[in-house]
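Trainee: What follows is query30.txt; its format and atoms are compact mmCIF, C-alpha atoms.
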# COMPACT_ATOMS: atom_id res chain seq x y z
CA MET N 1 -16.73 -10.02 -19.82
CA SER N 2 -20.28 -9.59 -18.52
CA PRO N 3 -20.92 -7.68 -15.27
CA SER N 4 -21.86 -10.95 -13.56
CA GLY N 5 -18.53 -12.39 -14.67
CA LEU N 6 -16.76 -10.02 -12.30
CA LEU N 7 -17.99 -12.17 -9.45
CA ASP N 8 -16.95 -15.46 -10.98
CA ALA N 9 -14.05 -17.30 -9.37
CA GLN N 10 -10.80 -16.95 -11.26
CA PRO N 11 -8.78 -19.98 -12.33
CA ASN N 12 -6.00 -21.04 -10.00
CA PRO N 13 -2.55 -20.07 -11.29
CA THR N 14 0.33 -22.44 -11.69
CA PHE N 15 2.83 -22.65 -8.87
CA TRP N 16 5.27 -20.47 -10.77
CA VAL N 17 3.00 -17.41 -10.98
CA PRO N 18 3.27 -16.46 -7.27
CA VAL N 19 6.91 -17.57 -7.13
CA ILE N 20 8.06 -15.53 -10.13
CA THR N 21 5.96 -12.46 -9.33
CA GLY N 22 7.16 -12.57 -5.73
CA ALA N 23 10.79 -12.64 -6.87
CA VAL N 24 10.21 -9.77 -9.31
CA ALA N 25 8.44 -7.68 -6.65
CA LEU N 26 11.27 -8.28 -4.17
CA LEU N 27 13.88 -7.25 -6.74
CA LEU N 28 11.84 -4.14 -7.54
CA VAL N 29 11.64 -3.14 -3.86
CA LEU N 30 15.38 -3.75 -3.39
CA SER N 31 16.36 -1.86 -6.56
CA GLY N 32 17.43 1.75 -6.98
CA ALA N 33 15.78 3.74 -9.77
CA PRO N 34 12.93 1.25 -10.41
CA TRP N 35 11.96 1.42 -6.72
CA ARG N 36 11.93 5.22 -6.78
CA MET N 37 9.48 5.11 -9.68
CA ALA N 38 7.26 2.36 -8.29
CA ARG N 39 7.31 3.93 -4.82
CA ASN N 40 4.61 6.37 -5.99
CA VAL N 41 2.11 3.53 -5.55
CA VAL N 42 3.26 3.03 -1.95
CA THR N 43 2.97 6.78 -1.32
CA ILE N 44 -0.59 6.87 -2.68
CA VAL N 45 -1.59 4.03 -0.33
CA HIS N 46 0.32 5.60 2.59
CA GLU N 47 -1.52 8.91 2.27
CA ALA N 48 -4.82 7.14 1.63
CA GLY N 49 -4.32 5.33 4.94
CA HIS N 50 -3.91 8.64 6.76
CA ALA N 51 -6.98 10.06 5.00
CA LEU N 52 -9.26 7.09 5.63
CA VAL N 53 -8.45 6.84 9.33
CA ALA N 54 -8.74 10.62 9.75
CA VAL N 55 -12.30 10.49 8.39
CA MET N 56 -13.15 7.42 10.49
CA ALA N 57 -11.81 9.22 13.58
CA GLY N 58 -14.12 12.18 12.94
CA ARG N 59 -11.47 14.57 11.69
CA ARG N 60 -12.14 16.96 8.77
CA LEU N 61 -10.05 15.90 5.80
CA GLN N 62 -8.62 18.93 3.98
CA GLY N 63 -6.72 17.21 1.19
CA ILE N 64 -3.85 15.05 -0.03
CA ARG N 65 -0.77 16.17 -1.94
CA LEU N 66 1.57 13.80 -3.79
CA HIS N 67 4.99 14.95 -5.00
CA SER N 68 7.37 13.83 -7.73
CA ASP N 69 10.03 12.90 -5.14
CA THR N 70 7.56 10.20 -3.93
CA SER N 71 6.76 12.11 -0.75
CA GLY N 72 3.26 13.12 0.22
CA VAL N 73 1.21 14.85 2.88
CA THR N 74 -2.34 14.50 4.15
CA VAL N 75 -3.92 17.43 5.97
CA SER N 76 -6.85 17.04 8.34
CA ARG N 77 -8.41 19.32 10.93
CA GLY N 78 -9.50 18.44 14.42
CA LYS N 79 -8.08 17.98 17.90
CA PRO N 80 -4.26 18.26 17.83
CA GLU N 81 -4.02 15.35 20.25
CA GLY N 82 -6.00 12.40 21.50
CA PRO N 83 -6.83 8.95 20.07
CA GLY N 84 -8.07 10.28 16.73
CA MET N 85 -4.82 12.09 16.03
CA VAL N 86 -2.75 9.12 17.20
CA LEU N 87 -4.60 6.71 14.91
CA THR N 88 -4.36 9.13 11.98
CA SER N 89 -0.61 9.49 12.43
CA LEU N 90 -0.18 5.74 12.84
CA ALA N 91 -2.18 4.77 9.74
CA GLY N 92 0.24 5.75 6.97
CA TYR N 93 3.15 3.32 7.17
CA PRO N 94 1.10 0.14 7.78
CA ALA N 95 -1.38 0.98 4.99
CA PRO N 96 0.55 -0.59 2.05
CA ALA N 97 1.20 -3.85 3.91
CA LEU N 98 -2.38 -4.03 5.18
CA LEU N 99 -3.75 -3.39 1.69
CA GLY N 100 -1.39 -6.06 0.37
CA LEU N 101 -2.78 -8.43 3.00
CA ALA N 102 -6.34 -7.62 1.92
CA PHE N 103 -5.37 -8.22 -1.71
CA ALA N 104 -3.80 -11.54 -0.74
CA ALA N 105 -7.05 -12.55 0.94
CA LEU N 106 -8.98 -11.77 -2.25
CA VAL N 107 -6.44 -13.70 -4.33
CA ALA N 108 -6.80 -16.68 -2.00
CA ALA N 109 -10.58 -16.44 -2.49
CA ASP N 110 -10.08 -16.48 -6.30
CA ARG N 111 -11.53 -12.98 -6.74
CA ILE N 112 -8.85 -11.41 -8.93
CA THR N 113 -11.14 -9.30 -11.12
CA VAL N 114 -13.10 -8.07 -8.11
CA LEU N 115 -9.80 -7.00 -6.56
CA LEU N 116 -8.88 -4.95 -9.64
CA VAL N 117 -12.23 -3.19 -9.79
CA LEU N 118 -12.17 -2.40 -6.07
CA ALA N 119 -8.61 -1.07 -6.33
CA ALA N 120 -9.62 1.25 -9.17
CA LEU N 121 -12.62 2.50 -7.17
CA LEU N 122 -10.43 3.14 -4.12
CA LEU N 123 -8.02 5.15 -6.28
CA LEU N 124 -10.87 7.25 -7.61
CA GLY N 125 -11.90 7.90 -4.03
CA VAL N 126 -8.38 9.16 -3.30
CA LEU N 127 -8.53 11.31 -6.44
CA ILE N 128 -11.37 13.35 -4.97
CA MET N 129 -9.11 14.55 -2.16
CA VAL N 130 -5.89 15.16 -4.11
CA ARG N 131 -5.03 18.86 -4.25
CA ASN N 132 -2.09 19.14 -6.67
CA ALA N 133 -1.60 18.46 -10.38
CA TYR N 134 1.11 15.81 -10.02
CA GLY N 135 -1.02 13.92 -7.51
CA VAL N 136 -4.05 14.01 -9.79
CA LEU N 137 -2.00 12.72 -12.72
CA SER N 138 -0.44 9.91 -10.65
CA VAL N 139 -3.76 8.66 -9.34
CA LEU N 140 -5.54 8.94 -12.70
CA LEU N 141 -2.87 6.96 -14.54
CA THR N 142 -2.81 4.25 -11.88
CA ALA N 143 -6.60 3.97 -11.76
CA ALA N 144 -6.88 3.92 -15.57
CA GLY N 145 -4.33 1.12 -15.83
CA LEU N 146 -6.16 -0.99 -13.26
CA ALA N 147 -9.55 -0.39 -14.89
CA VAL N 148 -8.29 -1.38 -18.35
CA LEU N 149 -6.68 -4.50 -16.94
CA ALA N 150 -9.87 -5.48 -15.12
CA LEU N 151 -12.15 -4.97 -18.13
CA VAL N 152 -9.96 -5.97 -21.09
CA ALA N 153 -7.18 -8.35 -20.05
CA GLY N 154 -7.71 -12.09 -19.85
CA PRO N 155 -7.70 -14.04 -16.57
CA GLN N 156 -4.07 -15.19 -16.90
CA VAL N 157 -2.75 -11.65 -17.51
CA GLN N 158 -4.83 -10.40 -14.61
CA ALA N 159 -3.44 -13.12 -12.37
CA TRP N 160 0.18 -12.23 -13.13
CA PHE N 161 -0.43 -8.52 -12.53
CA VAL N 162 -2.46 -9.00 -9.35
CA TYR N 163 0.13 -11.30 -7.82
CA LEU N 164 2.85 -8.79 -8.72
CA ILE N 165 1.10 -5.75 -7.20
CA THR N 166 0.11 -7.74 -4.10
CA TRP N 167 3.66 -8.92 -3.49
CA PHE N 168 4.88 -5.38 -4.18
CA LEU N 169 2.59 -3.90 -1.53
CA LEU N 170 3.62 -6.54 1.00
CA PHE N 171 7.35 -6.03 0.41
CA GLY N 172 6.92 -2.30 -0.21
CA GLY N 173 5.28 -1.84 3.15
CA ILE N 174 8.52 -2.76 4.89
CA ARG N 175 11.18 -0.80 3.00
CA PRO N 176 9.85 2.70 3.90
CA VAL N 177 10.09 1.81 7.60
CA ILE N 178 13.72 0.76 7.12
CA GLU N 179 14.40 3.94 5.13
CA LEU N 180 12.88 6.06 7.90
CA GLN N 181 15.04 4.40 10.53
CA SER N 182 18.11 5.02 8.37
CA LYS N 183 17.22 8.70 7.97
CA ARG N 184 16.68 9.11 11.69
CA ARG N 185 20.08 7.59 12.43
CA ARG N 186 21.58 10.33 10.25
CA GLY N 187 19.66 12.99 12.16
CA ALA N 188 17.08 13.55 9.40
CA ALA N 189 13.29 13.12 9.23
CA ARG N 190 12.75 14.43 12.74
CA ASP N 191 9.14 15.32 11.93
CA SER N 192 8.22 11.86 10.66
CA ASP N 193 5.09 9.93 11.59
CA ALA N 194 7.10 8.08 14.25
CA ASP N 195 8.22 11.36 15.80
CA GLN N 196 4.70 12.75 15.72
CA LEU N 197 3.48 9.61 17.45
CA ALA N 198 6.21 10.00 20.06
CA ARG N 199 5.11 13.56 20.80
CA LEU N 200 1.47 12.47 21.02
CA THR N 201 2.00 9.42 23.23
CA GLY N 202 5.35 9.77 24.99
CA VAL N 203 6.46 6.45 23.46
CA PRO N 204 9.95 6.73 21.87
CA PRO N 205 10.13 6.93 18.05
CA SER N 206 12.35 3.84 17.98
CA LEU N 207 9.59 1.79 19.60
CA TRP N 208 7.04 3.08 17.11
CA LEU N 209 9.39 2.09 14.29
CA LEU N 210 9.64 -1.38 15.81
CA ILE N 211 5.84 -1.61 15.96
CA LEU N 212 5.55 -0.50 12.33
CA GLY N 213 8.17 -3.05 11.30
CA VAL N 214 6.40 -5.87 13.14
CA ILE N 215 3.10 -4.98 11.45
CA GLY N 216 4.76 -5.01 8.03
CA ILE N 217 6.57 -8.32 8.57
CA THR N 218 3.43 -9.97 9.98
CA CYS N 219 1.40 -8.87 6.95
CA LEU N 220 4.14 -10.20 4.65
CA LEU N 221 4.25 -13.62 6.32
CA VAL N 222 0.47 -14.08 6.41
CA GLY N 223 0.02 -12.64 2.92
CA ALA N 224 2.73 -14.89 1.49
CA ALA N 225 0.98 -17.95 2.91
CA TRP N 226 -2.30 -16.86 1.33
CA LEU N 227 -0.69 -16.10 -2.02
CA LEU N 228 0.99 -19.48 -2.25
CA GLU N 229 -1.95 -21.53 -0.98
CA PRO N 230 -4.17 -21.39 -4.14
CA ALA N 231 -1.21 -22.25 -6.36
CA LEU N 232 -0.30 -25.25 -4.21
CA ARG N 233 -3.85 -26.55 -4.69
CA SER N 234 -3.54 -26.44 -8.50
Starting from the file, lay out its structure as structure tokens.

Mentor:
Amino acid sequence: MSPSGLLDAQPNPTFWVPVITGAVALLLVLSGAPWRMARNVVTIVHEAGHALVAVMAGRRLQGIRLHSDTSGVTVSRGKPEGPGMVLTSLAGYPAPALLGLAFAALVAADRITVLLVLAALLLLGVLIMVRNAYGVLSVLLTAAGLAVLALVAGPQVQAWFVYLITWFLLFGGIRPVIELQSKRRRGAARDSDADQLARLTGVPPSLWLLILGVIGITCLLVGAAWLLEPALRS
């Protein structure tokens, strides 16, 4: 594929591509062991969301660490309170769903290959800030897979994969919020993003969880409409 070909519109998929990939992504998010493996992608995006907003808010980004249990942490320096800290704390959980929504917009615009290249570049940007070996390995493998797919695979293979990862981000942006609520009901995760937001704003953690859930569901509904729209035109 020539460099100019990266900007060419991709062929519209059949109706079954978004339907089947959506079903597979939903099953993956609802599964046990497969979800725990695939959740690394959600964690990478979660921590990238914290990092990006921290930089945009004028905080000094110290680094990102990703762990084999699919947890992660992003460290930044700056004021311990105020709008910048609130936005940084808020950015993690909505990040996968918002990225899924952005991917869905690119799919609707028939820019599948552009999406893959941009995703690989974003991962390489995250790689610069990762500070542990497991995190470096996770990001490198994910970025390498996306780059190979963008440069080698044919348009139909790319379409199947892009629809799958987009659906996965949209569905995967909701499950962590549900998991966090479940942990908090059991008395765990009392230093979560929702609890940090509560300490920063005085708004109860339960309300922050509701806000995070609404953001995720809204992204899913809008993204689903965009994903299905090109296929319905074919």

Trainee: Of the residues N:Val41, N:Leu90, N:Ile20, N:Val177, which is the one nearest to N:Leu141, using only C-alpha atoms?

Mentor: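 Nearest candidate to N:Leu141 out of N:Val41, N:Leu90, N:Ile20, N:Val177: N:Val41.
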
Trainee: Which residue out of N:Val19, N:Ala33, N:Val107, N:Ala102 has the minimum interatomic distance to N:Ala159 when only C-alpha atoms are used?

Mentor: N:Val107

Trainee: Between N:Gly92, N:Gly100, N:Arg131, N:Ala109, which has the minimum distance to N:Val222 (counting only C-alpha atoms)?

Mentor: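 Nearest to N:Val222: N:Gly100.
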
Trainee: Please check which residues have atoms at most 10 Å from (-3.2, 10.4, 12.3) in the file's coordinates, counting only C-alpha atoms, and write them as a list in words.

Mentor: Gly49, His50, Ala51, Leu52, Val53, Ala54, Val55, Ala57, Arg59, Thr74, Val75, Ser76, Pro80, Glu81, Gly82, Pro83, Gly84, Met85, Val86, Leu87, Thr88, Ser89, Leu90, Ala91, Gly92, Asp193, Gln196 and Leu197 of chain N

Trainee: Quick one: everything within 12 Å of N:Cys219, counting all atoms listed in the file, minus sequence neighbours fewer than 2 positions away in the same chain. Send it as an mmCIF file with C-alpha atoms, in the frame of the given file.

Mentor:
data_model
loop_
_atom_site.group_PDB
_atom_site.id
_atom_site.type_symbol
_atom_site.label_atom_id
_atom_site.label_comp_id
_atom_site.auth_asym_id
_atom_site.auth_seq_id
_atom_site.Cartn_x
_atom_site.Cartn_y
_atom_site.Cartn_z
ATOM 1 C CA PRO N 94 1.100 0.140 7.780
ATOM 2 C CA ALA N 95 -1.380 0.980 4.990
ATOM 3 C CA PRO N 96 0.550 -0.590 2.050
ATOM 4 C CA ALA N 97 1.200 -3.850 3.910
ATOM 5 C CA LEU N 98 -2.380 -4.030 5.180
ATOM 6 C CA LEU N 99 -3.750 -3.390 1.690
ATOM 7 C CA GLY N 100 -1.390 -6.060 0.370
ATOM 8 C CA LEU N 101 -2.780 -8.430 3.000
ATOM 9 C CA ALA N 102 -6.340 -7.620 1.920
ATOM 10 C CA PHE N 103 -5.370 -8.220 -1.710
ATOM 11 C CA ALA N 104 -3.800 -11.540 -0.740
ATOM 12 C CA ALA N 105 -7.050 -12.550 0.940
ATOM 13 C CA THR N 166 0.110 -7.740 -4.100
ATOM 14 C CA TRP N 167 3.660 -8.920 -3.490
ATOM 15 C CA LEU N 169 2.590 -3.900 -1.530
ATOM 16 C CA LEU N 170 3.620 -6.540 1.000
ATOM 17 C CA PHE N 171 7.350 -6.030 0.410
ATOM 18 C CA GLY N 172 6.920 -2.300 -0.210
ATOM 19 C CA GLY N 173 5.280 -1.840 3.150
ATOM 20 C CA ILE N 174 8.520 -2.760 4.890
ATOM 21 C CA LEU N 212 5.550 -0.500 12.330
ATOM 22 C CA GLY N 213 8.170 -3.050 11.300
ATOM 23 C CA VAL N 214 6.400 -5.870 13.140
ATOM 24 C CA ILE N 215 3.100 -4.980 11.450
ATOM 25 C CA GLY N 216 4.760 -5.010 8.030
ATOM 26 C CA ILE N 217 6.570 -8.320 8.570
ATOM 27 C CA LEU N 221 4.250 -13.620 6.320
ATOM 28 C CA VAL N 222 0.470 -14.080 6.410
ATOM 29 C CA GLY N 223 0.020 -12.640 2.920
ATOM 30 C CA ALA N 224 2.730 -14.890 1.490
ATOM 31 C CA ALA N 225 0.980 -17.950 2.910
ATOM 32 C CA TRP N 226 -2.300 -16.860 1.330
ATOM 33 C CA LEU N 227 -0.690 -16.100 -2.020
#

Trainee: Using all atoms listed in the file, which residue out of N:Phe15, N:Leu137, N:Gly22, N:Met37 lies closest to N:Leu220?

Mentor: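 Ranking N:Phe15, N:Leu137, N:Gly22, N:Met37 by distance to N:Leu220, first place goes to N:Gly22.
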
Trainee: Do you know which residues are at most 9 Å from stretch 146-154 of chain N counting all atoms listed in the file, after dropping those on the same chain fewer than 6 positions away, and could you put them as a short mmCIF file (atom, residue, chain, number, x, y, z; two decimals) with C-alpha atoms, in the coordinates of the input?

Mentor:
data_model
loop_
_atom_site.label_atom_id
_atom_site.label_comp_id
_atom_site.auth_asym_id
_atom_site.auth_seq_id
_atom_site.Cartn_x
_atom_site.Cartn_y
_atom_site.Cartn_z
CA MET N 1 -16.73 -10.02 -19.82
CA LEU N 6 -16.76 -10.02 -12.30
CA ILE N 112 -8.85 -11.41 -8.93
CA THR N 113 -11.14 -9.30 -11.12
CA VAL N 114 -13.10 -8.07 -8.11
CA LEU N 115 -9.80 -7.00 -6.56
CA LEU N 116 -8.88 -4.95 -9.64
CA VAL N 117 -12.23 -3.19 -9.79
CA ALA N 119 -8.61 -1.07 -6.33
CA ALA N 120 -9.62 1.25 -9.17
CA LEU N 121 -12.62 2.50 -7.17
CA PHE N 161 -0.43 -8.52 -12.53
#

Trainee: Which of these, N:Leu209, N:Leu66, N:Val126, N:Leu140, has the shortest distance to N:Arg175 once you count all atoms listed in the file?

Mentor: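 Using all atoms listed in the file, the shortest distance to N:Arg175 belongs to N:Leu209.
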
Trainee: Taking (16.4, -3.4, -0.4) in the file's coordinates as the center, which residues reach within 10 Å of it, counting all atoms listed in the file, put as a list in words?

Mentor: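 Nearby residues: Leu26, Leu27, Leu28, Val29, Leu30, Ser31, Gly32, Trp35, Phe171, Gly172, Ile174, Arg175, Pro176, Ile178 and Glu179 of chain N.
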
Trainee: Please dump the current selection as a tab-separated table (two decimals), keeping the file's coordinate frame; keep C-alpha atoms.

Mentor:
chain	number	residue	atom	x	y	z
N	26	LEU	CA	11.27	-8.28	-4.17
N	27	LEU	CA	13.88	-7.25	-6.74
N	28	LEU	CA	11.84	-4.14	-7.54
N	29	VAL	CA	11.64	-3.14	-3.86
N	30	LEU	CA	15.38	-3.75	-3.39
N	31	SER	CA	16.36	-1.86	-6.56
N	32	GLY	CA	17.43	1.75	-6.98
N	35	TRP	CA	11.96	1.42	-6.72
N	171	PHE	CA	7.35	-6.03	0.41
N	172	GLY	CA	6.92	-2.30	-0.21
N	174	ILE	CA	8.52	-2.76	4.89
N	175	ARG	CA	11.18	-0.80	3.00
N	176	PRO	CA	9.85	2.70	3.90
N	178	ILE	CA	13.72	0.76	7.12
N	179	GLU	CA	14.40	3.94	5.13

Trainee: Please report the interatomic distance between atom CA of N:Gly187 and atom CA of N:Pro205 in Å with one decimal.

Mentor: 12.7 Å

Trainee: Just to confirm, what's the straight-line distance from atom CA of N:His67 to atom CA of N:Thr43 in Å (one decimal)?

Mentor: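 Interatomic distance here is 9.2 Å.
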
Trainee: Would you work out the distance separating atom CA of N:Lys79 from atom CA of N:Gly202, expressed in Å to one decimal?

Mentor: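 Computing the Euclidean distance for atom CA of N:Lys79 and atom CA of N:Gly202 yields 17.3 Å.
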
Trainee: Considering all atoms listed in the file, return as number ranges by chain whatever protein or nucleic-acid residues lie within 10 Å of N:Met129, sequence-local ones (same chain, fewer than 4 positions apart) excluded.

Mentor: N: 48, 51, 61-65, 74, 124-125, 135-136

Trainee: With distances taken over only C-alpha atoms, which of N:Met56, N:Ala188, N:Pro18, N:Leu123 is nearest to N:Val139?

Mentor: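 Using only C-alpha atoms, N:Val139 sits closest to N:Leu123.
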
Trainee: With all atoms of stretch 96-111 of chain N from the file as input, state the centre and edge lengths in Å to one decimal of the axis-aligned box that has 4 Å extra on each side, as AutoDock Vina command-line options.

Mentor:
--center_x -5.2 --center_y -8.6 --center_z -0.8 --size_x 20.7 --size_y 24.1 --size_z 19.9

Trainee: May I ask you to restore N, CA, C and O atoms in stretch 97-117 of chain N and write the result as a PDB file, in the coordinates of the input?

Mentor:
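File produced: result.pdb:
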ATOM      1  N   ALA N  97       1.151  -2.436   3.525  1.00  0.00           N
ATOM      2  CA  ALA N  97       1.200  -3.850   3.910  1.00  0.00           C
ATOM      3  C   ALA N  97      -0.184  -4.385   4.222  1.00  0.00           C
ATOM      4  O   ALA N  97      -0.514  -5.519   3.864  1.00  0.00           O
ATOM      5  N   LEU N  98      -1.025  -3.588   4.868  1.00  0.00           N
ATOM      6  CA  LEU N  98      -2.380  -4.030   5.180  1.00  0.00           C
ATOM      7  C   LEU N  98      -3.222  -4.175   3.913  1.00  0.00           C
ATOM      8  O   LEU N  98      -4.024  -5.113   3.787  1.00  0.00           O
ATOM      9  N   LEU N  99      -3.052  -3.251   2.958  1.00  0.00           N
ATOM     10  CA  LEU N  99      -3.750  -3.390   1.690  1.00  0.00           C
ATOM     11  C   LEU N  99      -3.250  -4.611   0.932  1.00  0.00           C
ATOM     12  O   LEU N  99      -4.047  -5.350   0.331  1.00  0.00           O
ATOM     13  N   GLY N 100      -1.939  -4.848   0.977  1.00  0.00           N
ATOM     14  CA  GLY N 100      -1.390  -6.060   0.370  1.00  0.00           C
ATOM     15  C   GLY N 100      -1.982  -7.307   0.995  1.00  0.00           C
ATOM     16  O   GLY N 100      -2.279  -8.285   0.296  1.00  0.00           O
ATOM     17  N   LEU N 101      -2.176  -7.294   2.312  1.00  0.00           N
ATOM     18  CA  LEU N 101      -2.780  -8.430   3.000  1.00  0.00           C
ATOM     19  C   LEU N 101      -4.228  -8.628   2.555  1.00  0.00           C
ATOM     20  O   LEU N 101      -4.675  -9.762   2.340  1.00  0.00           O
ATOM     21  N   ALA N 102      -4.962  -7.522   2.409  1.00  0.00           N
ATOM     22  CA  ALA N 102      -6.340  -7.620   1.920  1.00  0.00           C
ATOM     23  C   ALA N 102      -6.380  -8.162   0.502  1.00  0.00           C
ATOM     24  O   ALA N 102      -7.230  -8.993   0.165  1.00  0.00           O
ATOM     25  N   PHE N 103      -5.457  -7.700  -0.351  1.00  0.00           N
ATOM     26  CA  PHE N 103      -5.370  -8.220  -1.710  1.00  0.00           C
ATOM     27  C   PHE N 103      -5.066  -9.711  -1.708  1.00  0.00           C
ATOM     28  O   PHE N 103      -5.628 -10.478  -2.486  1.00  0.00           O
ATOM     29  N   ALA N 104      -4.147 -10.121  -0.828  1.00  0.00           N
ATOM     30  CA  ALA N 104      -3.800 -11.540  -0.740  1.00  0.00           C
ATOM     31  C   ALA N 104      -5.003 -12.377  -0.343  1.00  0.00           C
ATOM     32  O   ALA N 104      -5.191 -13.499  -0.831  1.00  0.00           O
ATOM     33  N   ALA N 105      -5.839 -11.836   0.538  1.00  0.00           N
ATOM     34  CA  ALA N 105      -7.050 -12.550   0.940  1.00  0.00           C
ATOM     35  C   ALA N 105      -8.000 -12.719  -0.244  1.00  0.00           C
ATOM     36  O   ALA N 105      -8.600 -13.784  -0.424  1.00  0.00           O
ATOM     37  N   LEU N 106      -8.127 -11.684  -1.066  1.00  0.00           N
ATOM     38  CA  LEU N 106      -8.980 -11.770  -2.250  1.00  0.00           C
ATOM     39  C   LEU N 106      -8.407 -12.747  -3.270  1.00  0.00           C
ATOM     40  O   LEU N 106      -9.142 -13.494  -3.923  1.00  0.00           O
ATOM     41  N   VAL N 107      -7.084 -12.747  -3.415  1.00  0.00           N
ATOM     42  CA  VAL N 107      -6.440 -13.700  -4.330  1.00  0.00           C
ATOM     43  C   VAL N 107      -6.709 -15.127  -3.852  1.00  0.00           C
ATOM     44  O   VAL N 107      -7.036 -16.017  -4.648  1.00  0.00           O
ATOM     45  N   ALA N 108      -6.575 -15.344  -2.549  1.00  0.00           N
ATOM     46  CA  ALA N 108      -6.800 -16.680  -2.000  1.00  0.00           C
ATOM     47  C   ALA N 108      -8.250 -17.121  -2.196  1.00  0.00           C
ATOM     48  O   ALA N 108      -8.533 -18.311  -2.296  1.00  0.00           O
ATOM     49  N   ALA N 109      -9.164 -16.135  -2.270  1.00  0.00           N
ATOM     50  CA  ALA N 109     -10.580 -16.440  -2.490  1.00  0.00           C
ATOM     51  C   ALA N 109     -10.916 -16.494  -3.980  1.00  0.00           C
ATOM     52  O   ALA N 109     -12.092 -16.595  -4.333  1.00  0.00           O
ATOM     53  N   ASP N 110      -9.889 -16.413  -4.839  1.00  0.00           N
ATOM     54  CA  ASP N 110     -10.080 -16.480  -6.300  1.00  0.00           C
ATOM     55  C   ASP N 110     -10.966 -15.354  -6.813  1.00  0.00           C
ATOM     56  O   ASP N 110     -11.833 -15.568  -7.659  1.00  0.00           O
ATOM     57  N   ARG N 111     -10.750 -14.137  -6.312  1.00  0.00           N
ATOM     58  CA  ARG N 111     -11.530 -12.980  -6.740  1.00  0.00           C
ATOM     59  C   ARG N 111     -10.601 -11.916  -7.328  1.00  0.00           C
ATOM     60  O   ARG N 111     -10.567 -10.782  -6.876  1.00  0.00           O
ATOM     61  N   ILE N 112      -9.855 -12.293  -8.344  1.00  0.00           N
ATOM     62  CA  ILE N 112      -8.850 -11.410  -8.930  1.00  0.00           C
ATOM     63  C   ILE N 112      -9.489 -10.199  -9.602  1.00  0.00           C
ATOM     64  O   ILE N 112      -9.063  -9.053  -9.400  1.00  0.00           O
ATOM     65  N   THR N 113     -10.511 -10.412 -10.417  1.00  0.00           N
ATOM     66  CA  THR N 113     -11.140  -9.300 -11.120  1.00  0.00           C
ATOM     67  C   THR N 113     -11.834  -8.350 -10.157  1.00  0.00           C
ATOM     68  O   THR N 113     -11.789  -7.130 -10.319  1.00  0.00           O
ATOM     69  N   VAL N 114     -12.481  -8.900  -9.134  1.00  0.00           N
ATOM     70  CA  VAL N 114     -13.100  -8.070  -8.110  1.00  0.00           C
ATOM     71  C   VAL N 114     -12.058  -7.191  -7.446  1.00  0.00           C
ATOM     72  O   VAL N 114     -12.279  -6.000  -7.197  1.00  0.00           O
ATOM     73  N   LEU N 115     -10.900  -7.753  -7.173  1.00  0.00           N
ATOM     74  CA  LEU N 115      -9.800  -7.000  -6.560  1.00  0.00           C
ATOM     75  C   LEU N 115      -9.416  -5.810  -7.426  1.00  0.00           C
ATOM     76  O   LEU N 115      -9.245  -4.689  -6.933  1.00  0.00           O
ATOM     77  N   LEU N 116      -9.279  -6.027  -8.736  1.00  0.00           N
ATOM     78  CA  LEU N 116      -8.880  -4.950  -9.640  1.00  0.00           C
ATOM     79  C   LEU N 116      -9.910  -3.837  -9.680  1.00  0.00           C
ATOM     80  O   LEU N 116      -9.562  -2.648  -9.659  1.00  0.00           O
ATOM     81  N   VAL N 117     -11.169  -4.196  -9.750  1.00  0.00           N
ATOM     82  CA  VAL N 117     -12.230  -3.190  -9.790  1.00  0.00           C
ATOM     83  C   VAL N 117     -12.263  -2.391  -8.486  1.00  0.00           C
ATOM     84  O   VAL N 117     -12.363  -1.157  -8.487  1.00  0.00           O
TER      85      VAL N 117
END
